[in-house]
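I have placed the structure first, in the form of structure tokens, so that the comments after it can refer back to it.
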Amino acid sequence: MTRTEVAIVGAAEAEVNWTTQLSAVDVMAVATHRALADAGLRVTDVDGVFAISPYFWMPSLTLAEYLGVQPRVSDSTNMGGASVVAHVGHAMRAIQAGACEVAVIAYASTQRSDTGRLVTGSDTLPYERPYGPLFPISSYALVAQRHMYEHGTTRGQLAQVAVTARKWASLNPSALKPEPITVNDVLASPLVSDPLRRLDCCLVSNGGGAVVVTTADRARRLPKTPVHVLGTGESHSHRHIAAMRDFTTTAAVACGAAAWEMAGRGPCDMDVVQIYDAFTINTIIGLEDLGFCPKGDGGRLIEAGTGPGSKLPVNTSGGGLAYCHPGMFGIFLLVETVRQLRGECGARQVPAARHGVAHAFGGVFSGHATVVLGSDA
Amino acid sequence: MTTRPAPDSRGPGRAYWRSGADGVLRLPRCTACGRLFWYPRTHCPHCGSDAIDWVATGGRGRIYTFTVVRQSPEPFFAARVPYVVAMVELAEGPRVMANVVDCDVESVRIGMPVSVLFEDLGEDIYVPLFRPAVGGAG
Ligand SMILES: [Zn+2]
């Protein structure tokens, strides 16, 4: 018995690659149909549509039209990369209220194939515009620099995040960058926006994904192990980096705390952890702000080990740094957590994983969403 | 483009961008709660009041954090790499974004004292920049 009585019952990705002939809505639809098939459901069961994509002004409308669905609940909330993780909370509340029963949550981008044709993040702040910060890396660099100054986080610790991501990716047959790298490789890659270097950055790929959310009651009648939504949280503290109040502590603190409280569980209960790693500093700050270690100790926690075989497996797909990164990585945090908690992850499977947390950053450490999931509830 | 991208200077930002005409950096202050803030807004982000006036700062502060930008897709900035984008914490409290100029980018450090200067873009826009201060943060 879970307090939320809501579960994720289907998960899938599509077109995780460097080149594709499909459009972003094609990819969203393919992922959605795969996730429904994974759930043992059909598109005619869907009465809630949640979607985000930088390609569409009204993503849930675009997806629902393509699917042939007239939903009772529709949500295109845009919190950047945190959107689809926030949508899990929105879908949970809609289902609890009886507003819909089967919700799909989808994302896709074909930005790798379309490079140069899509401008994202174009609503720049007039107070940043004359100074030329590189979007989005300079924002993360400003945070990383301050974190190193305040907490003694080292360049080597940042590099270790990227090295560990490649280790996980080497165990994921779908990962786009499974080749191993060393700390020295990262430190030898070109500086882009100090202190961040090229290998501190996520990939630029195509890809999409979807999950299906329904009642726990209906989930028990479906073929696969339900992955229960135990807790959710969302927040944002700013939109543009110039307006960030504290450059080393994010709204993940409040967002994570809300999810832990709803779940009645905490960091020490988690078997797997997924944190949106657009840049190496993200994983370090995410671990701190979600409570896996005290503020400032994230770099040391990374050095202690978050790779395959460690006690704290983080970003087991290879993450945005090594698995894929089609503009926003949130949906892949959810897909990976669901698969880990079902025991479907093959060589990278964390043994007996029953509880997992997914935390997504959106914008520039701006938007936040946390979901705590469990498969034995 | 060989000129610096101009900000949208409509509305409450107008006083900020033209402040440098006399070499003085001014910030908005809420007369209801007394707090200074950045960036300029129609209402105070601390208490919601629209009673805003503008006060002169000493134009001095310290670097709170910074990054050295090594590449840019924009011609104006590409011609100037490497350059420093910093958040400067003014002596009066608020932090502002600006470039740090007139120094070796490798010498920039968090905590470094800086003082304001302005780049005249024409059309009554004076972009605040900072350079290493002589004689401390003041
Ligand atoms: Zn006020």
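Letters for chains follow the order of the structure tokens (A, B, ...), residue numbers begin at 1 for each chain, and ligand numbers begin at 1 in the order shown.
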
Query raised in the report: For chain A, which residues have at least one atom within 12 Å of chain B, if we go by only C-alpha atoms? Write them as an NGL selection string, please.
Result: :A and (116 or 123-150 or 190-198 or 238 or 240-248)

Residue selection dump (C-alpha atoms) as a compact mmCIF listing (two decimals), in the first residue's frame:
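Dumped to part10.txt:
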```
# COMPACT_ATOMS: atom_id res chain seq x y z
CA GLY A 116 21.90 25.17 -36.58
CA ASP A 123 14.75 34.62 -24.08
CA THR A 124 17.96 36.07 -22.68
CA LEU A 125 17.93 38.48 -19.78
CA PRO A 126 18.71 42.06 -20.90
CA TYR A 127 21.05 42.34 -17.91
CA GLU A 128 23.16 39.41 -19.17
CA ARG A 129 22.94 40.05 -22.90
CA PRO A 130 25.67 42.75 -23.24
CA TYR A 131 28.26 40.58 -21.45
CA GLY A 132 28.34 37.48 -23.65
CA PRO A 133 27.96 34.56 -21.24
CA LEU A 134 28.02 31.40 -23.37
CA PHE A 135 24.62 29.68 -23.21
CA PRO A 136 24.24 27.57 -21.18
CA ILE A 137 27.75 26.57 -20.07
CA SER A 138 28.86 29.90 -18.58
CA SER A 139 25.99 29.75 -16.09
CA TYR A 140 27.16 26.37 -14.84
CA ALA A 141 30.76 27.60 -14.87
CA LEU A 142 29.87 30.50 -12.56
CA VAL A 143 28.37 27.99 -10.13
CA ALA A 144 31.30 25.56 -10.41
CA GLN A 145 33.85 28.33 -9.81
CA ARG A 146 32.08 29.48 -6.66
CA HIS A 147 31.65 25.89 -5.43
CA MET A 148 35.38 25.27 -5.84
CA TYR A 149 36.13 28.50 -3.94
CA GLU A 150 33.73 27.90 -1.05
CA PRO A 190 39.84 22.34 -24.20
CA LEU A 191 38.55 24.95 -21.78
CA VAL A 192 35.19 26.31 -22.96
CA SER A 193 34.10 28.50 -20.03
CA ASP A 194 36.47 28.21 -17.05
CA PRO A 195 36.59 26.05 -15.03
CA LEU A 196 34.53 23.83 -17.35
CA ARG A 197 36.11 21.96 -20.24
CA ARG A 198 34.67 20.18 -23.23
CA HIS A 238 15.28 31.85 -10.63
CA HIS A 240 18.53 33.38 -15.38
CA ILE A 241 21.84 32.77 -13.68
CA ALA A 242 22.32 36.47 -12.88
CA ALA A 243 19.30 36.22 -10.57
CA MET A 244 20.47 33.13 -8.67
CA ARG A 245 20.64 34.04 -5.00
CA ASP A 246 23.15 31.52 -3.67
CA PHE A 247 25.44 30.10 -6.34
CA THR A 248 26.29 26.89 -4.50
```

Report task. Produce as a list of chain:residue names the set of residues near ligand 1, where near means within 12 Å with only C-alpha atoms and all ligand atoms considered. Result -> B:Pro28, B:Arg29, B:Cys30, B:Thr31, B:Ala32, B:Cys33, B:Gly34, B:Arg35, B:Leu36, B:Phe37, B:Arg41, B:Thr42, B:His43, B:Cys44, B:Pro45, B:His46, B:Cys47, B:Gly48, B:Ser49, B:Asp50, B:Ala51, B:Ile52, B:Asp53

For the selection just defined, write its residues with C-alpha atoms to a file, as a compact mmCIF listing (two decimals), in the first residue's frame.
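Final file, selection.txt:
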```txt
# COMPACT_ATOMS: atom_id res chain seq x y z
CA PRO B 28 17.02 50.67 -7.60
CA ARG B 29 16.01 50.90 -3.94
CA CYS B 30 12.65 50.02 -2.46
CA THR B 31 11.52 52.90 -0.25
CA ALA B 32 9.02 50.62 1.53
CA CYS B 33 11.52 48.02 2.83
CA GLY B 34 14.69 49.99 2.23
CA ARG B 35 16.47 47.28 0.31
CA LEU B 36 18.54 47.75 -2.82
CA PHE B 37 18.12 45.19 -5.55
CA ARG B 41 12.01 45.68 -11.81
CA THR B 42 8.70 47.52 -11.62
CA HIS B 43 8.15 46.09 -8.11
CA CYS B 44 10.52 45.20 -5.26
CA PRO B 45 11.40 41.46 -5.33
CA HIS B 46 11.71 41.46 -1.53
CA CYS B 47 8.37 42.98 -0.48
CA GLY B 48 6.34 43.71 -3.62
CA SER B 49 6.20 47.48 -3.27
CA ASP B 50 6.28 49.68 -6.37
CA ALA B 51 7.79 52.60 -4.46
CA ILE B 52 11.22 52.51 -6.10
CA ASP B 53 13.89 55.20 -6.19
```

Query - Proximity to A:Ala106 - best of A:Asp38, A:Glu13, A:Glu303, A:Glu65, only C-alpha atoms - result: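 With only C-alpha atoms as the atom set, the closest residue is A:Glu13.
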
With a distance cut-off of 8 Å and only C-alpha atoms, select the neighbouring residues of A:Val102, excluding the residue or stretch itself and same-chain residues fewer than 3 positions from it, and output the selection as a PDB file with N, CA and C atoms, in the first residue's frame.
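Saved file result-v7.pdb follows:
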```pdb
ATOM      1  N   ASP A  45      -6.506   3.817 -24.345  1.00  0.00           N
ATOM      2  CA  ASP A  45      -6.667   3.899 -22.885  1.00  0.00           C
ATOM      3  C   ASP A  45      -6.270   5.272 -22.336  1.00  0.00           C
ATOM      4  N   VAL A  46      -5.550   6.062 -23.136  1.00  0.00           N
ATOM      5  CA  VAL A  46      -4.941   7.297 -22.623  1.00  0.00           C
ATOM      6  C   VAL A  46      -5.977   8.404 -22.485  1.00  0.00           C
ATOM      7  N   ASP A  47      -6.051   8.991 -21.285  1.00  0.00           N
ATOM      8  CA  ASP A  47      -6.937  10.149 -21.106  1.00  0.00           C
ATOM      9  C   ASP A  47      -6.215  11.330 -20.453  1.00  0.00           C
ATOM     10  N   GLY A  48      -4.874  11.214 -20.314  1.00  0.00           N
ATOM     11  CA  GLY A  48      -4.066  12.338 -19.830  1.00  0.00           C
ATOM     12  C   GLY A  48      -2.807  12.449 -20.676  1.00  0.00           C
ATOM     13  N   ILE A  95      -4.454  12.075 -11.339  1.00  0.00           N
ATOM     14  CA  ILE A  95      -4.991  10.716 -11.196  1.00  0.00           C
ATOM     15  C   ILE A  95      -5.639  10.549  -9.818  1.00  0.00           C
ATOM     16  N   VAL A 212       4.378   5.927 -18.730  1.00  0.00           N
ATOM     17  CA  VAL A 212       2.924   5.833 -18.564  1.00  0.00           C
ATOM     18  C   VAL A 212       2.627   5.744 -17.069  1.00  0.00           C
ATOM     19  N   VAL A 213       1.686   6.577 -16.615  1.00  0.00           N
ATOM     20  CA  VAL A 213       1.349   6.649 -15.196  1.00  0.00           C
ATOM     21  C   VAL A 213      -0.135   6.315 -15.039  1.00  0.00           C
ATOM     22  N   THR A 214      -0.449   5.488 -14.049  1.00  0.00           N
ATOM     23  CA  THR A 214      -1.861   5.164 -13.804  1.00  0.00           C
ATOM     24  C   THR A 214      -2.071   4.882 -12.314  1.00  0.00           C
ATOM     25  N   THR A 215      -3.264   4.429 -11.972  1.00  0.00           N
ATOM     26  CA  THR A 215      -3.544   4.138 -10.566  1.00  0.00           C
ATOM     27  C   THR A 215      -2.812   2.863 -10.136  1.00  0.00           C
TER      28      THR A 215
END
```

**Report entry** Selection: 9 Å around A:Met92, only C-alpha atoms, excl. self and same-chain fewer than 2 positions, as a list of chain:residue names
**Finding:**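 Neighbouring residues, sequence-local ones excluded: A:Thr4, A:Glu5, A:Val6, A:Ala7, A:His87, A:Val88, A:Gly89, A:His90, A:Ala94, A:Ile95, A:Gln96, A:Ala97, A:Ala103, A:Val213, A:Thr214, A:Thr215, A:Val229, A:Thr232.
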
Requested in this report: Can you pull out every residue within 12 Å of A:Leu373, counting only C-alpha atoms, but drop anything in the same chain fewer than 6 positions away, and send it as a PyMOL selection string?
Outcome: chain A and resi 2+4-9+85+88-89+226-232+259-260+262-266+269-274+333-342+353-359

Requested in this report: Once DSSP has gone over the backbone, tell me which residues of stretch 45-113 of chain B are in strand (DSSP E), as a ChimeraX atom specification.
Outcome: /B:52-56,60-69,83-90,95-100,113

**Report entry** Test item: residues at most 12 Å from A:Ser235, only C-alpha atoms, excluding those fewer than 6 positions along its chain, as a list in words
**Finding:** Met79, Ala82, Ser83, Val85, Ala86, Gly89, Thr250, Ala251, Ala252, Val253, Ala254, Cys255, Gly256, Ala257, Ala258, Ala259, His359, Ala360, Phe361, Gly362, Phe365, Ser366, Gly367, His368, Ala369 and Thr370 of chain A

Would you put the residues from that selection into a file with N, CA, C and O atoms, as an mmCIF file, in the first residue's frame?
```cif
data_model
loop_
_atom_site.group_PDB
_atom_site.id
_atom_site.type_symbol
_atom_site.label_atom_id
_atom_site.label_comp_id
_atom_site.auth_asym_id
_atom_site.auth_seq_id
_atom_site.Cartn_x
_atom_site.Cartn_y
_atom_site.Cartn_z
ATOM 1 N N MET A 79 9.493 23.643 -17.512
ATOM 2 C CA MET A 79 10.507 24.016 -16.521
ATOM 3 C C MET A 79 11.870 23.562 -17.031
ATOM 4 O O MET A 79 12.731 23.120 -16.281
ATOM 5 N N ALA A 82 13.696 19.987 -16.276
ATOM 6 C CA ALA A 82 12.982 19.400 -15.139
ATOM 7 C C ALA A 82 11.527 19.080 -15.475
ATOM 8 O O ALA A 82 10.822 18.468 -14.661
ATOM 9 N N SER A 83 11.087 19.464 -16.676
ATOM 10 C CA SER A 83 9.650 19.428 -16.981
ATOM 11 C C SER A 83 9.020 18.064 -16.773
ATOM 12 O O SER A 83 8.044 17.927 -16.027
ATOM 13 N N VAL A 85 9.891 15.419 -15.256
ATOM 14 C CA VAL A 85 9.927 14.902 -13.886
ATOM 15 C C VAL A 85 8.864 15.622 -13.050
ATOM 16 O O VAL A 85 8.160 14.999 -12.250
ATOM 17 N N ALA A 86 8.691 16.905 -13.296
ATOM 18 C CA ALA A 86 7.592 17.634 -12.651
ATOM 19 C C ALA A 86 6.245 17.091 -13.111
ATOM 20 O O ALA A 86 5.301 17.016 -12.319
ATOM 21 N N GLY A 89 4.601 14.442 -10.963
ATOM 22 C CA GLY A 89 3.831 14.941 -9.830
ATOM 23 C C GLY A 89 2.477 15.470 -10.261
ATOM 24 O O GLY A 89 1.463 15.238 -9.592
ATOM 25 N N THR A 250 21.055 25.035 -4.339
ATOM 26 C CA THR A 250 19.950 25.206 -5.280
ATOM 27 C C THR A 250 18.610 24.898 -4.628
ATOM 28 O O THR A 250 18.543 24.395 -3.494
ATOM 29 N N ALA A 251 17.552 25.150 -5.369
ATOM 30 C CA ALA A 251 16.195 24.840 -4.895
ATOM 31 C C ALA A 251 15.952 23.337 -4.838
ATOM 32 O O ALA A 251 14.876 22.898 -4.410
ATOM 33 N N ALA A 252 16.946 22.533 -5.221
ATOM 34 C CA ALA A 252 16.841 21.083 -5.028
ATOM 35 C C ALA A 252 16.719 20.737 -3.547
ATOM 36 O O ALA A 252 16.189 19.678 -3.199
ATOM 37 N N VAL A 253 17.200 21.607 -2.677
ATOM 38 C CA VAL A 253 17.084 21.354 -1.239
ATOM 39 C C VAL A 253 15.611 21.257 -0.836
ATOM 40 O O VAL A 253 15.168 20.272 -0.232
ATOM 41 N N ALA A 254 14.830 22.284 -1.204
ATOM 42 C CA ALA A 254 13.408 22.299 -0.854
ATOM 43 C C ALA A 254 12.632 21.259 -1.651
ATOM 44 O O ALA A 254 11.751 20.571 -1.119
ATOM 45 N N CYS A 255 12.964 21.159 -2.918
ATOM 46 C CA CYS A 255 12.286 20.227 -3.816
ATOM 47 C C CYS A 255 12.505 18.785 -3.355
ATOM 48 O O CYS A 255 11.566 17.993 -3.247
ATOM 49 N N GLY A 256 13.756 18.447 -3.046
ATOM 50 C CA GLY A 256 14.084 17.110 -2.573
ATOM 51 C C GLY A 256 13.420 16.822 -1.232
ATOM 52 O O GLY A 256 12.856 15.746 -1.015
ATOM 53 N N ALA A 257 13.448 17.805 -0.332
ATOM 54 C CA ALA A 257 12.864 17.602 0.994
ATOM 55 C C ALA A 257 11.373 17.290 0.891
ATOM 56 O O ALA A 257 10.847 16.445 1.625
ATOM 57 N N ALA A 258 10.689 17.970 -0.032
ATOM 58 C CA ALA A 258 9.248 17.711 -0.219
ATOM 59 C C ALA A 258 9.021 16.281 -0.692
ATOM 60 O O ALA A 258 8.103 15.594 -0.232
ATOM 61 N N ALA A 259 9.863 15.817 -1.614
ATOM 62 C CA ALA A 259 9.723 14.452 -2.144
ATOM 63 C C ALA A 259 10.038 13.411 -1.070
ATOM 64 O O ALA A 259 9.348 12.400 -0.941
ATOM 65 N N HIS A 359 16.288 13.163 -9.938
ATOM 66 C CA HIS A 359 16.202 14.622 -9.772
ATOM 67 C C HIS A 359 16.657 15.306 -11.045
ATOM 68 O O HIS A 359 17.738 15.036 -11.552
ATOM 69 N N ALA A 360 15.816 16.200 -11.541
ATOM 70 C CA ALA A 360 16.151 16.931 -12.766
ATOM 71 C C ALA A 360 16.319 18.412 -12.486
ATOM 72 O O ALA A 360 15.528 19.017 -11.756
ATOM 73 N N PHE A 361 17.372 18.967 -13.083
ATOM 74 C CA PHE A 361 17.578 20.413 -13.115
ATOM 75 C C PHE A 361 17.045 20.923 -14.451
ATOM 76 O O PHE A 361 17.241 20.281 -15.481
ATOM 77 N N GLY A 362 16.413 22.089 -14.450
ATOM 78 C CA GLY A 362 16.002 22.731 -15.689
ATOM 79 C C GLY A 362 16.558 24.136 -15.762
ATOM 80 O O GLY A 362 16.829 24.741 -14.729
ATOM 81 N N PHE A 365 20.297 25.594 -13.364
ATOM 82 C CA PHE A 365 20.057 25.281 -11.949
ATOM 83 C C PHE A 365 18.785 25.992 -11.478
ATOM 84 O O PHE A 365 18.650 26.307 -10.297
ATOM 85 N N SER A 366 17.850 26.231 -12.421
ATOM 86 C CA SER A 366 16.671 27.036 -12.104
ATOM 87 C C SER A 366 15.510 26.159 -11.676
ATOM 88 O O SER A 366 15.097 26.178 -10.513
ATOM 89 N N GLY A 367 14.944 25.403 -12.637
ATOM 90 C CA GLY A 367 13.819 24.531 -12.361
ATOM 91 C C GLY A 367 14.302 23.239 -11.710
ATOM 92 O O GLY A 367 15.403 22.759 -11.997
ATOM 93 N N HIS A 368 13.480 22.712 -10.814
ATOM 94 C CA HIS A 368 13.833 21.468 -10.112
ATOM 95 C C HIS A 368 12.624 20.567 -9.981
ATOM 96 O O HIS A 368 11.523 21.052 -9.713
ATOM 97 N N ALA A 369 12.834 19.274 -10.149
ATOM 98 C CA ALA A 369 11.780 18.312 -9.863
ATOM 99 C C ALA A 369 12.422 17.019 -9.380
ATOM 100 O O ALA A 369 13.449 16.585 -9.911
ATOM 101 N N THR A 370 11.823 16.438 -8.344
ATOM 102 C CA THR A 370 12.319 15.197 -7.747
ATOM 103 C C THR A 370 11.191 14.177 -7.728
ATOM 104 O O THR A 370 10.053 14.530 -7.415
#
```

Query - Å distance separating atom CA of A:Glu234 from atom CA of A:Val371, one decimal place - result: 8.9 Å

Query raised in the report: Using only C-alpha atoms, which residues sit within 8 Å of B:Asp124 once same-chain residues fewer than 4 positions away are excluded, as a list in words?
Result: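 What passes the distance filter is Trp17, Arg18, Ala21 and Asp120 of chain B.
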
**Report entry** atom CA of A:Leu22 to atom CA of A:Gln111, distance in Å rounded to a single decimal
**Finding:**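 Interatomic distance, atom CA of A:Leu22 to atom CA of A:Gln111: 11.2 Å.
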
Report task. Quick one: pick out all alpha helix (DSSP H) residues within chain B from a backbone DSSP run and write them as a VMD selection string. Result -> chain B and resid 14 to 18 75 to 78
